[in-house]
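Coordinates from start.txt are shown below (compact mmCIF, C-alpha atoms and all ligand atoms).
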```txt
# COMPACT_ATOMS: atom_id res chain seq x y z
CA MET A 200 -45.82 11.34 -11.45
CA LEU A 201 -43.17 11.85 -14.11
CA ARG A 202 -44.46 12.89 -17.49
CA PRO A 203 -42.65 13.99 -20.62
CA VAL A 204 -42.91 17.62 -21.71
CA THR A 205 -40.71 18.98 -24.46
CA GLY A 206 -38.19 16.74 -26.18
CA GLU A 207 -36.46 14.26 -23.91
CA LYS A 208 -36.72 16.18 -20.66
CA LEU A 209 -39.08 15.30 -17.84
CA THR A 210 -41.02 17.41 -15.41
CA PHE A 211 -43.60 16.62 -12.73
CA GLU A 212 -46.58 17.85 -10.77
CA GLU A 213 -44.62 19.81 -8.19
CA GLU A 214 -46.80 19.00 -5.21
CA GLU A 215 -46.44 15.27 -5.88
CA THR A 216 -42.70 14.77 -6.27
CA ALA A 217 -40.69 17.95 -5.60
CA MET A 218 -37.78 17.04 -3.36
CA GLN A 219 -35.92 19.14 -0.87
CA ILE A 220 -32.28 18.99 -1.96
CA GLY A 221 -29.14 20.16 -0.18
CA PHE A 222 -26.39 20.96 -2.71
CA ILE A 223 -22.86 21.37 -1.43
CA GLY A 224 -20.09 22.46 -3.82
CA LEU A 225 -21.41 24.88 -6.43
CA GLY A 226 -18.38 25.16 -8.72
CA ASN A 227 -18.07 24.66 -12.47
CA MET A 228 -20.06 21.43 -12.32
CA GLY A 229 -22.22 21.80 -9.21
CA ALA A 230 -23.77 25.18 -10.08
CA PRO A 231 -25.26 24.15 -13.43
CA MET A 232 -26.39 20.78 -12.01
CA ALA A 233 -28.19 22.61 -9.18
CA ALA A 234 -29.70 25.04 -11.69
CA ASN A 235 -31.18 22.14 -13.67
CA LEU A 236 -32.76 20.67 -10.53
CA ILE A 237 -34.28 24.05 -9.70
CA ALA A 238 -35.56 24.48 -13.27
CA ALA A 239 -37.28 21.08 -12.95
CA GLY A 240 -39.12 22.25 -9.83
CA HIS A 241 -37.03 20.88 -6.96
CA LYS A 242 -36.27 23.00 -3.90
CA VAL A 243 -32.52 23.46 -3.54
CA THR A 244 -30.64 24.79 -0.53
CA GLY A 245 -27.03 25.34 -1.51
CA PHE A 246 -23.72 25.87 0.22
CA ASP A 247 -20.22 26.56 -1.10
CA VAL A 248 -17.25 27.81 0.91
CA ALA A 249 -16.50 30.29 -1.88
CA GLY A 250 -19.83 32.02 -1.22
CA VAL A 251 -21.17 31.26 -4.71
CA THR A 252 -24.90 31.76 -5.27
CA VAL A 253 -27.22 29.98 -7.70
CA GLU A 254 -30.37 31.68 -8.94
CA GLY A 255 -33.48 30.14 -7.44
CA ALA A 256 -31.61 28.33 -4.64
CA THR A 257 -31.80 29.23 -0.96
CA MET A 258 -28.24 29.76 0.21
CA ALA A 259 -27.23 28.30 3.59
CA GLY A 260 -24.46 29.53 5.91
CA THR A 261 -23.00 26.05 6.50
CA ALA A 262 -23.02 22.62 4.88
CA ALA A 263 -25.01 21.22 7.82
CA GLU A 264 -27.66 23.90 7.36
CA ALA A 265 -27.98 23.02 3.67
CA ALA A 266 -28.37 19.34 4.58
CA ALA A 267 -30.94 19.69 7.38
CA GLY A 268 -34.38 18.46 6.31
CA ALA A 269 -33.22 17.47 2.80
CA ASP A 270 -34.47 14.30 1.10
CA VAL A 271 -31.20 14.11 -0.85
CA VAL A 272 -27.91 15.89 -0.15
CA ILE A 273 -25.72 16.21 -3.24
CA THR A 274 -22.00 16.94 -2.96
CA MET A 275 -19.82 18.07 -5.89
CA LEU A 276 -16.42 18.69 -4.35
CA PRO A 277 -12.76 18.75 -5.41
CA ASN A 278 -11.38 15.62 -3.67
CA GLY A 279 -11.81 12.80 -1.17
CA ALA A 280 -10.35 14.63 1.84
CA ILE A 281 -12.85 17.49 1.41
CA LEU A 282 -15.68 15.01 0.82
CA ARG A 283 -14.83 13.17 4.07
CA ALA A 284 -14.78 16.45 6.03
CA VAL A 285 -18.08 17.64 4.53
CA ALA A 286 -19.69 14.21 5.12
CA ASP A 287 -18.66 14.32 8.80
CA GLU A 288 -20.44 17.65 9.06
CA VAL A 289 -23.63 16.83 7.13
CA ILE A 290 -24.36 13.21 8.14
CA PRO A 291 -25.42 14.14 11.71
CA ALA A 292 -27.61 16.93 10.31
CA MET A 293 -29.49 14.77 7.79
CA LYS A 294 -32.96 13.40 8.45
CA PRO A 295 -33.34 9.61 8.84
CA GLY A 296 -33.72 7.78 5.54
CA ALA A 297 -32.34 10.65 3.47
CA VAL A 298 -29.73 9.93 0.78
CA LEU A 299 -26.20 11.34 0.60
CA LEU A 300 -25.37 11.50 -3.12
CA ASP A 301 -21.75 12.31 -3.93
CA CYS A 302 -21.13 13.22 -7.57
CA SER A 303 -17.48 14.29 -7.13
CA THR A 304 -14.62 12.25 -8.54
CA VAL A 305 -12.78 10.92 -5.49
CA ASP A 306 -10.74 7.90 -4.43
CA VAL A 307 -12.60 4.62 -4.00
CA ALA A 308 -11.55 4.35 -0.34
CA SER A 309 -13.08 7.73 0.56
CA ALA A 310 -16.31 6.85 -1.27
CA ARG A 311 -16.59 3.57 0.68
CA ALA A 312 -15.70 5.21 4.03
CA VAL A 313 -18.34 7.93 3.57
CA ALA A 314 -20.99 5.37 2.58
CA GLU A 315 -20.20 3.31 5.68
CA LYS A 316 -20.64 6.34 7.95
CA ALA A 317 -23.89 7.29 6.21
CA HIS A 318 -25.27 3.76 6.58
CA ALA A 319 -24.29 3.69 10.27
CA ALA A 320 -26.37 6.86 10.72
CA GLY A 321 -29.42 5.30 9.02
CA LEU A 322 -28.94 7.11 5.71
CA GLY A 323 -28.71 5.93 2.12
CA ALA A 324 -25.47 6.69 0.25
CA LEU A 325 -24.42 6.73 -3.39
CA ASP A 326 -21.15 7.53 -5.14
CA ALA A 327 -22.09 8.83 -8.58
CA PRO A 328 -19.18 10.44 -10.42
CA VAL A 329 -19.98 11.85 -13.82
CA SER A 330 -18.65 12.05 -17.30
CA GLY A 331 -19.69 14.79 -19.70
CA GLY A 332 -17.86 17.79 -18.24
CA ILE A 333 -19.09 21.34 -17.84
CA GLY A 334 -21.06 21.22 -21.11
CA GLY A 335 -22.87 18.07 -20.00
CA ALA A 336 -23.59 19.60 -16.58
CA ALA A 337 -25.16 22.68 -18.20
CA ALA A 338 -27.13 20.71 -20.79
CA GLY A 339 -28.31 18.05 -18.31
CA THR A 340 -26.66 15.31 -20.36
CA LEU A 341 -24.17 13.87 -17.88
CA THR A 342 -23.57 10.14 -17.51
CA PHE A 343 -23.60 8.97 -13.87
CA MET A 344 -21.65 5.88 -12.78
CA VAL A 345 -23.30 4.85 -9.56
CA GLY A 346 -22.29 2.73 -6.57
CA GLY A 347 -24.61 2.03 -3.65
CA ASP A 348 -27.75 0.19 -2.66
CA ASP A 349 -30.89 -0.25 -4.77
CA ALA A 350 -33.20 1.81 -2.54
CA ALA A 351 -30.91 4.85 -2.62
CA PHE A 352 -30.51 4.48 -6.39
CA ALA A 353 -34.30 4.44 -6.80
CA THR A 354 -34.61 7.62 -4.71
CA ALA A 355 -31.94 9.43 -6.75
CA LYS A 356 -33.04 8.16 -10.18
CA PRO A 357 -35.43 11.08 -10.93
CA LEU A 358 -32.57 13.48 -10.14
CA PHE A 359 -30.18 11.59 -12.44
CA ASP A 360 -32.85 11.86 -15.16
CA ILE A 361 -32.84 15.66 -14.81
CA MET A 362 -29.08 16.19 -14.52
CA GLY A 363 -28.07 13.55 -17.02
CA GLN A 364 -28.92 11.32 -19.93
CA LYS A 365 -27.85 8.04 -18.36
CA ALA A 366 -27.21 6.53 -14.91
CA VAL A 367 -25.53 3.13 -14.73
CA HIS A 368 -25.86 1.30 -11.42
CA CYS A 369 -22.46 -0.41 -11.12
CA GLY A 370 -22.92 -2.27 -7.82
CA PRO A 371 -22.25 -1.50 -4.16
CA ALA A 372 -20.57 1.56 -2.59
CA GLY A 373 -17.39 2.67 -4.34
CA ASN A 374 -18.18 0.94 -7.62
CA GLY A 375 -19.19 4.18 -9.32
CA GLN A 376 -15.76 5.64 -8.58
CA ALA A 377 -14.15 2.35 -9.66
CA ALA A 378 -15.95 2.52 -13.02
CA LYS A 379 -15.01 6.17 -13.52
CA ILE A 380 -11.28 5.74 -12.88
CA CYS A 381 -11.05 2.55 -14.97
CA ASN A 382 -12.78 4.34 -17.86
CA ASN A 383 -10.56 7.38 -17.56
CA MET A 384 -7.43 5.24 -17.31
CA ILE A 385 -8.36 3.77 -20.71
CA LEU A 386 -9.06 7.27 -22.01
CA GLY A 387 -5.70 8.67 -20.83
CA VAL A 388 -3.78 5.74 -22.30
CA THR A 389 -5.61 5.79 -25.64
CA MET A 390 -5.26 9.55 -25.98
CA ILE A 391 -1.50 9.29 -25.49
CA ALA A 392 -1.31 6.37 -27.94
CA THR A 393 -3.36 8.31 -30.50
CA CYS A 394 -1.19 11.44 -30.13
CA GLU A 395 2.15 9.63 -30.34
CA ALA A 396 0.92 7.71 -33.39
CA PHE A 397 -0.08 10.98 -35.11
CA ALA A 398 3.38 12.43 -34.34
CA LEU A 399 5.05 9.30 -35.76
CA ALA A 400 2.81 9.44 -38.84
CA ASP A 401 3.89 13.09 -39.37
CA LYS A 402 7.54 12.05 -39.34
CA LEU A 403 6.83 9.21 -41.75
CA GLY A 404 5.22 11.64 -44.20
CA LEU A 405 1.64 10.43 -43.78
CA SER A 406 -1.01 13.16 -43.96
CA ARG A 407 -3.18 13.58 -40.89
CA GLU A 408 -6.31 13.23 -42.98
CA ALA A 409 -5.09 9.87 -44.34
CA MET A 410 -4.09 8.78 -40.84
CA PHE A 411 -7.58 9.67 -39.52
CA ASP A 412 -9.37 8.05 -42.45
CA VAL A 413 -7.50 4.79 -41.97
CA VAL A 414 -7.36 4.52 -38.18
CA SER A 415 -10.92 5.70 -37.52
CA THR A 416 -12.18 2.79 -39.63
CA SER A 417 -9.50 0.24 -38.68
CA SER A 418 -8.49 -1.65 -35.57
CA GLY A 419 -6.74 1.38 -34.01
CA TYR A 420 -10.02 3.24 -33.69
CA SER A 421 -11.11 4.58 -30.32
CA TRP A 422 -13.15 7.40 -28.80
CA SER A 423 -9.95 9.49 -28.69
CA MET A 424 -9.47 9.15 -32.43
CA ASN A 425 -13.05 8.94 -33.68
CA ALA A 426 -14.96 11.34 -31.42
CA TYR A 427 -12.29 13.65 -30.00
CA CYS A 428 -9.57 13.66 -32.62
CA PRO A 429 -6.48 15.44 -31.22
CA ALA A 430 -5.38 16.71 -34.68
CA PRO A 431 -6.83 20.13 -35.64
CA GLY A 432 -8.93 20.23 -38.79
CA VAL A 433 -9.29 16.48 -38.93
CA GLY A 434 -12.30 14.39 -37.94
CA PRO A 435 -15.14 15.83 -35.84
CA THR A 436 -14.84 19.25 -34.20
CA SER A 437 -12.91 18.90 -30.95
CA PRO A 438 -10.82 21.08 -28.59
CA ALA A 439 -7.92 20.67 -31.07
CA ASP A 440 -9.93 22.96 -33.37
CA ASN A 441 -10.12 25.56 -30.62
CA ASP A 442 -6.41 25.88 -29.82
CA TYR A 443 -6.72 23.03 -27.28
CA LYS A 444 -8.84 25.04 -24.86
CA PRO A 445 -10.56 22.49 -22.57
CA GLY A 446 -12.72 20.44 -23.07
CA PHE A 447 -11.33 18.14 -20.51
CA ALA A 448 -8.30 19.80 -18.96
CA ALA A 449 -5.00 17.92 -18.72
CA GLU A 450 -4.92 18.53 -14.96
CA LEU A 451 -8.30 16.77 -14.55
CA MET A 452 -6.92 13.80 -16.48
CA LEU A 453 -3.88 13.89 -14.21
CA LYS A 454 -6.17 13.81 -11.17
CA ASP A 455 -8.11 10.79 -12.48
CA LEU A 456 -4.95 8.90 -13.47
CA GLY A 457 -3.61 9.55 -9.95
CA LEU A 458 -6.80 8.09 -8.47
CA SER A 459 -6.57 5.01 -10.70
CA GLN A 460 -2.95 4.37 -9.64
CA GLU A 461 -3.87 4.88 -5.97
CA ALA A 462 -6.65 2.30 -6.40
CA ALA A 463 -4.34 -0.06 -8.32
CA GLU A 464 -1.82 0.05 -5.49
CA ALA A 465 -4.49 -0.60 -2.87
CA ALA A 466 -5.90 -3.52 -4.90
CA ASP A 467 -2.45 -4.85 -5.96
CA ALA A 468 -3.37 -4.58 -9.65
CA ASP A 469 -0.62 -4.41 -12.28
CA THR A 470 -1.35 -1.35 -14.46
CA PRO A 471 1.84 -0.43 -16.36
CA MET A 472 0.09 1.59 -19.07
CA GLY A 473 -1.96 3.53 -16.52
CA HIS A 474 1.25 4.23 -14.62
CA ALA A 475 3.05 5.43 -17.75
CA ALA A 476 0.08 7.67 -18.65
CA LEU A 477 0.10 9.18 -15.15
CA GLU A 478 3.81 10.01 -15.41
CA LEU A 479 3.40 11.58 -18.87
CA TYR A 480 0.45 13.75 -17.81
CA ARG A 481 2.29 14.70 -14.59
CA ARG A 482 5.27 15.92 -16.61
CA PHE A 483 2.97 17.65 -19.12
CA VAL A 484 1.02 19.53 -16.42
CA GLU A 485 3.74 20.19 -13.84
CA ASP A 486 6.92 20.74 -15.91
CA GLU A 487 5.70 21.61 -19.41
CA ASP A 488 2.89 23.74 -20.82
CA GLY A 489 -0.03 21.36 -20.22
CA LYS A 490 -1.79 23.15 -17.34
CA GLY A 491 -4.97 24.79 -18.54
CA ARG A 492 -4.84 23.01 -21.91
CA ASP A 493 -7.07 20.22 -23.12
CA PHE A 494 -5.74 16.71 -22.43
CA SER A 495 -5.52 16.14 -26.21
CA ALA A 496 -2.77 18.82 -26.38
CA MET A 497 -0.45 15.82 -25.93
CA LEU A 498 -0.30 15.90 -29.76
CA PRO A 499 1.55 19.26 -30.09
CA ARG A 500 3.74 18.05 -27.21
CA PHE A 501 4.82 14.93 -29.10
CA GLU A 502 5.11 16.91 -32.35
CA LYS A 503 7.89 19.04 -30.86
CA ARG A 504 9.86 16.15 -29.45
CA SER A 505 12.45 13.69 -30.68
CA ARG A 506 13.44 10.33 -29.18
CA SER A 507 16.19 11.73 -26.95
P1 LIG A 601 -14.70 23.30 -8.93
O1 LIG A 601 -13.40 23.52 -8.26
O2 LIG A 601 -15.16 24.28 -9.96
O3 LIG A 601 -15.87 23.20 -7.83
C1 LIG A 601 -15.70 22.67 -6.54
C2 LIG A 601 -16.45 23.58 -5.58
O4 LIG A 601 -16.40 23.03 -4.27
C3 LIG A 601 -15.83 24.98 -5.50
O5 LIG A 601 -16.80 25.97 -5.81
C4 LIG A 601 -15.36 25.09 -4.04
O6 LIG A 601 -15.46 26.40 -3.51
C5 LIG A 601 -16.30 24.11 -3.37
N1 LIG A 601 -15.80 23.63 -2.09
C6 LIG A 601 -14.54 23.25 -1.75
N2 LIG A 601 -14.50 22.85 -0.46
C7 LIG A 601 -15.77 22.98 0.01
C8 LIG A 601 -16.36 22.72 1.29
N3 LIG A 601 -15.64 22.25 2.32
N4 LIG A 601 -17.68 22.97 1.44
C9 LIG A 601 -18.42 23.46 0.40
N5 LIG A 601 -17.91 23.73 -0.83
C10 LIG A 601 -16.60 23.48 -1.00
O7 LIG A 601 -14.65 21.84 -9.54
P2 LIG A 601 -15.62 21.21 -10.65
O8 LIG A 601 -15.01 21.34 -11.99
O9 LIG A 601 -17.01 21.69 -10.39
O10 LIG A 601 -15.49 19.65 -10.28
C11 LIG A 601 -16.18 19.10 -9.16
C12 LIG A 601 -15.93 17.60 -9.14
O11 LIG A 601 -16.39 17.04 -10.37
C13 LIG A 601 -14.46 17.21 -9.02
O12 LIG A 601 -14.36 16.09 -8.17
C14 LIG A 601 -14.05 16.88 -10.45
O13 LIG A 601 -13.00 15.95 -10.52
C15 LIG A 601 -15.34 16.31 -10.99
N6 LIG A 601 -15.50 16.42 -12.45
C16 LIG A 601 -15.24 17.59 -13.08
C17 LIG A 601 -15.39 17.66 -14.46
C18 LIG A 601 -15.13 18.95 -15.20
O14 LIG A 601 -15.09 18.92 -16.45
N7 LIG A 601 -14.96 20.08 -14.52
C19 LIG A 601 -15.81 16.54 -15.20
C20 LIG A 601 -16.11 15.36 -14.51
C21 LIG A 601 -15.95 15.31 -13.14
```

Output the structure of this file as structure tokens.
Amino acid sequence: MLRPVTGEKLTFEEEETAMQIGFIGLGNMGAPMAANLIAAGHKVTGFDVAGVTVEGATMAGTAAEAAAGADVVITMLPNGAILRAVADEVIPAMKPGAVLLDCSTVDVASARAVAEKAHAAGLGALDAPVSGGIGGAAAGTLTFMVGGDDAAFATAKPLFDIMGQKAVHCGPAGNGQAAKICNNMILGVTMIATCEAFALADKLGLSREAMFDVVSTSSGYSWSMNAYCPAPGVGPTSPADNDYKPGFAAELMLKDLGLSQEAAEAADADTPMGHAALELYRRFVEDEDGKGRDFSAMLPRFEKRSRS
């Protein structure tokens, strides 16, 4: 039975609810997520091609070995092609009724294809991409956007409660990824709009403090302005105050904008702003100095530029 201990976190009587978890992909996000599950008393068998280890986890030699006997197999991988390959390997190794829980950010089509294969093999499947970044993964405060059936969601819910602060069930398979890329398309567009408006305000002689004070309490307000202000020394502390060290790296924004345009093409949706944001971040990361910088470093980019 779940019972509260300190603060907001939950723990349980181990013998009653400890799950056997396979965790595949122990990178920047996966390793701290796995560590939180272990700290809460779950038994984790991990696998990563890079040979990473996580304290308290049993390390397996293959993905299939990590998945065998698990109640839930969690994947946290770089992209849809890798997810599809790993799913092909682990699905036949999983026990009937177990749940394949993918937390990576991947294309909607891959999420739906993997769920279909899992269902055909008698497994539950969820796509549950996250927002909250590396800090949220370490602190156990991620937000999960979840697609998949109710029974699988109920099985995974106690794990979401450990790894995150919120899990929103968005509908059937693929809908978690759909929610994530729509959200991040808005974020990319509003960050660019916020940065270009700051650069214009500079050239019009408006102080950044005045710009923030007005916009953050007027109709131009947004998360990009109010919670993650791209201007250093203005508004709440953000990566701008730390020389634009990520944070949320520009190349991750580029990845998510690419996924949203891929989905828009497949669904025949007209997304001109999302398309423009993708092209700007592509140029920023591939041709300019954006790689390795926070996605809000669009502001110094615009600052240096003129109209031509
Ligand atoms: P990462 O590159 O640090 O980790 C990915 C891990 O997967 C690596 O350790 C890699 O060795 C491993 N891997 C690759 N192929 C594998 C295979 N075939 N079998 C087993 N392991 C394999 O990336 P990350 O930052 O941890 O991100 C993981 C996912 O989370 C991505 O889809 C990313 O878009 C998403 N995400 C990341 C952030 C962030 O801030 N880093 C935020 C939200 C979502």

Could you make a table, as a Markdown table, of the residues of chain A that have an atom within 7 Å of an atom of ligand LIG 601 (chain A), each with its nearest atom pair and distance in Å to one decimal, counting all atoms listed in the file, in chain and number order?
```
| residue | atom | partner | partner_atom | distance |
| --- | --- | --- | --- | --- |
| A:Ile223 | CA | A:LIG601 | C9 | 5.2 |
| A:Gly224 | CA | A:LIG601 | O4 | 3.8 |
| A:Leu225 | CA | A:LIG601 | O5 | 4.8 |
| A:Gly226 | CA | A:LIG601 | O3 | 3.3 |
| A:Asn227 | CA | A:LIG601 | O9 | 3.8 |
| A:Met228 | CA | A:LIG601 | O9 | 3.6 |
| A:Gly229 | CA | A:LIG601 | O9 | 5.3 |
| A:Phe246 | CA | A:LIG601 | C9 | 5.8 |
| A:Asp247 | CA | A:LIG601 | N5 | 3.7 |
| A:Val248 | CA | A:LIG601 | N5 | 4.5 |
| A:Ala249 | CA | A:LIG601 | O6 | 4.3 |
| A:Val251 | CA | A:LIG601 | O5 | 6.9 |
| A:Ala262 | CA | A:LIG601 | N4 | 6.4 |
| A:Met275 | CA | A:LIG601 | C11 | 5.0 |
| A:Leu276 | CA | A:LIG601 | O4 | 4.3 |
| A:Pro277 | CA | A:LIG601 | O12 | 4.2 |
| A:Asn278 | CA | A:LIG601 | O12 | 5.4 |
| A:Ile281 | CA | A:LIG601 | N3 | 5.6 |
| A:Ala284 | CA | A:LIG601 | N3 | 6.9 |
| A:Val285 | CA | A:LIG601 | N3 | 5.7 |
| A:Cys302 | CA | A:LIG601 | O11 | 6.7 |
| A:Ser303 | CA | A:LIG601 | O12 | 3.7 |
| A:Thr304 | CA | A:LIG601 | O12 | 3.9 |
| A:Val305 | CA | A:LIG601 | O12 | 6.0 |
| A:Pro328 | CA | A:LIG601 | C21 | 6.4 |
| A:Val329 | CA | A:LIG601 | C20 | 5.3 |
| A:Ser330 | CA | A:LIG601 | C20 | 5.0 |
| A:Gly331 | CA | A:LIG601 | C19 | 6.2 |
| A:Gly332 | CA | A:LIG601 | O14 | 3.5 |
| A:Ile333 | CA | A:LIG601 | O14 | 4.9 |
| A:Phe447 | CA | A:LIG601 | O14 | 5.6 |
| A:Leu451 | CA | A:LIG601 | O13 | 6.2 |
```

| With only C-alpha atoms as the atoms that count, which of A:Met218, A:Val433, A:Ala476, A:Ala372 lies nearest to Ile385 of chain A? |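 Smallest distance to Ile385 of chain A is found for A:Ala476.
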
| task | State, in Å with one decimal place, the distance from atom CA of Lys316 of chain A to atom CA of Met232 of chain A. | result |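 Straight-line distance from atom CA of Lys316 of chain A to atom CA of Met232 of chain A works out to 25.3 Å.
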
| Taking (-0.5, 9.0, -18.8) in the file's coordinates as the center, which residues reach within 7 Å of it, counting all atoms listed in the file, put as a PyMOL selection string? | chain A and resi 387-388+391+456+473-480

| query | Looking at only C-alpha atoms, which of A:Val313, A:Ala267, A:Asn235, A:Pro295 is the one that sits closest to Gly255 of chain A? | reply |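 Nearest to Gly255 of chain A: A:Asn235.
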
| task | Measure the distance from atom CA of Ala263 of chain A to atom CA of Gly339 of chain A in Å and round it to one decimal. | result |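 Atom CA of Gly339 of chain A lies at a distance of 26.5 Å from atom CA of Ala263 of chain A.
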
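For the residues A:Ile237, A:Met362, A:Met293, A:Cys381, ranking by smallest atom-to-atom distance to Gly321 of chain A using only C-alpha atoms places A:Met293 first.
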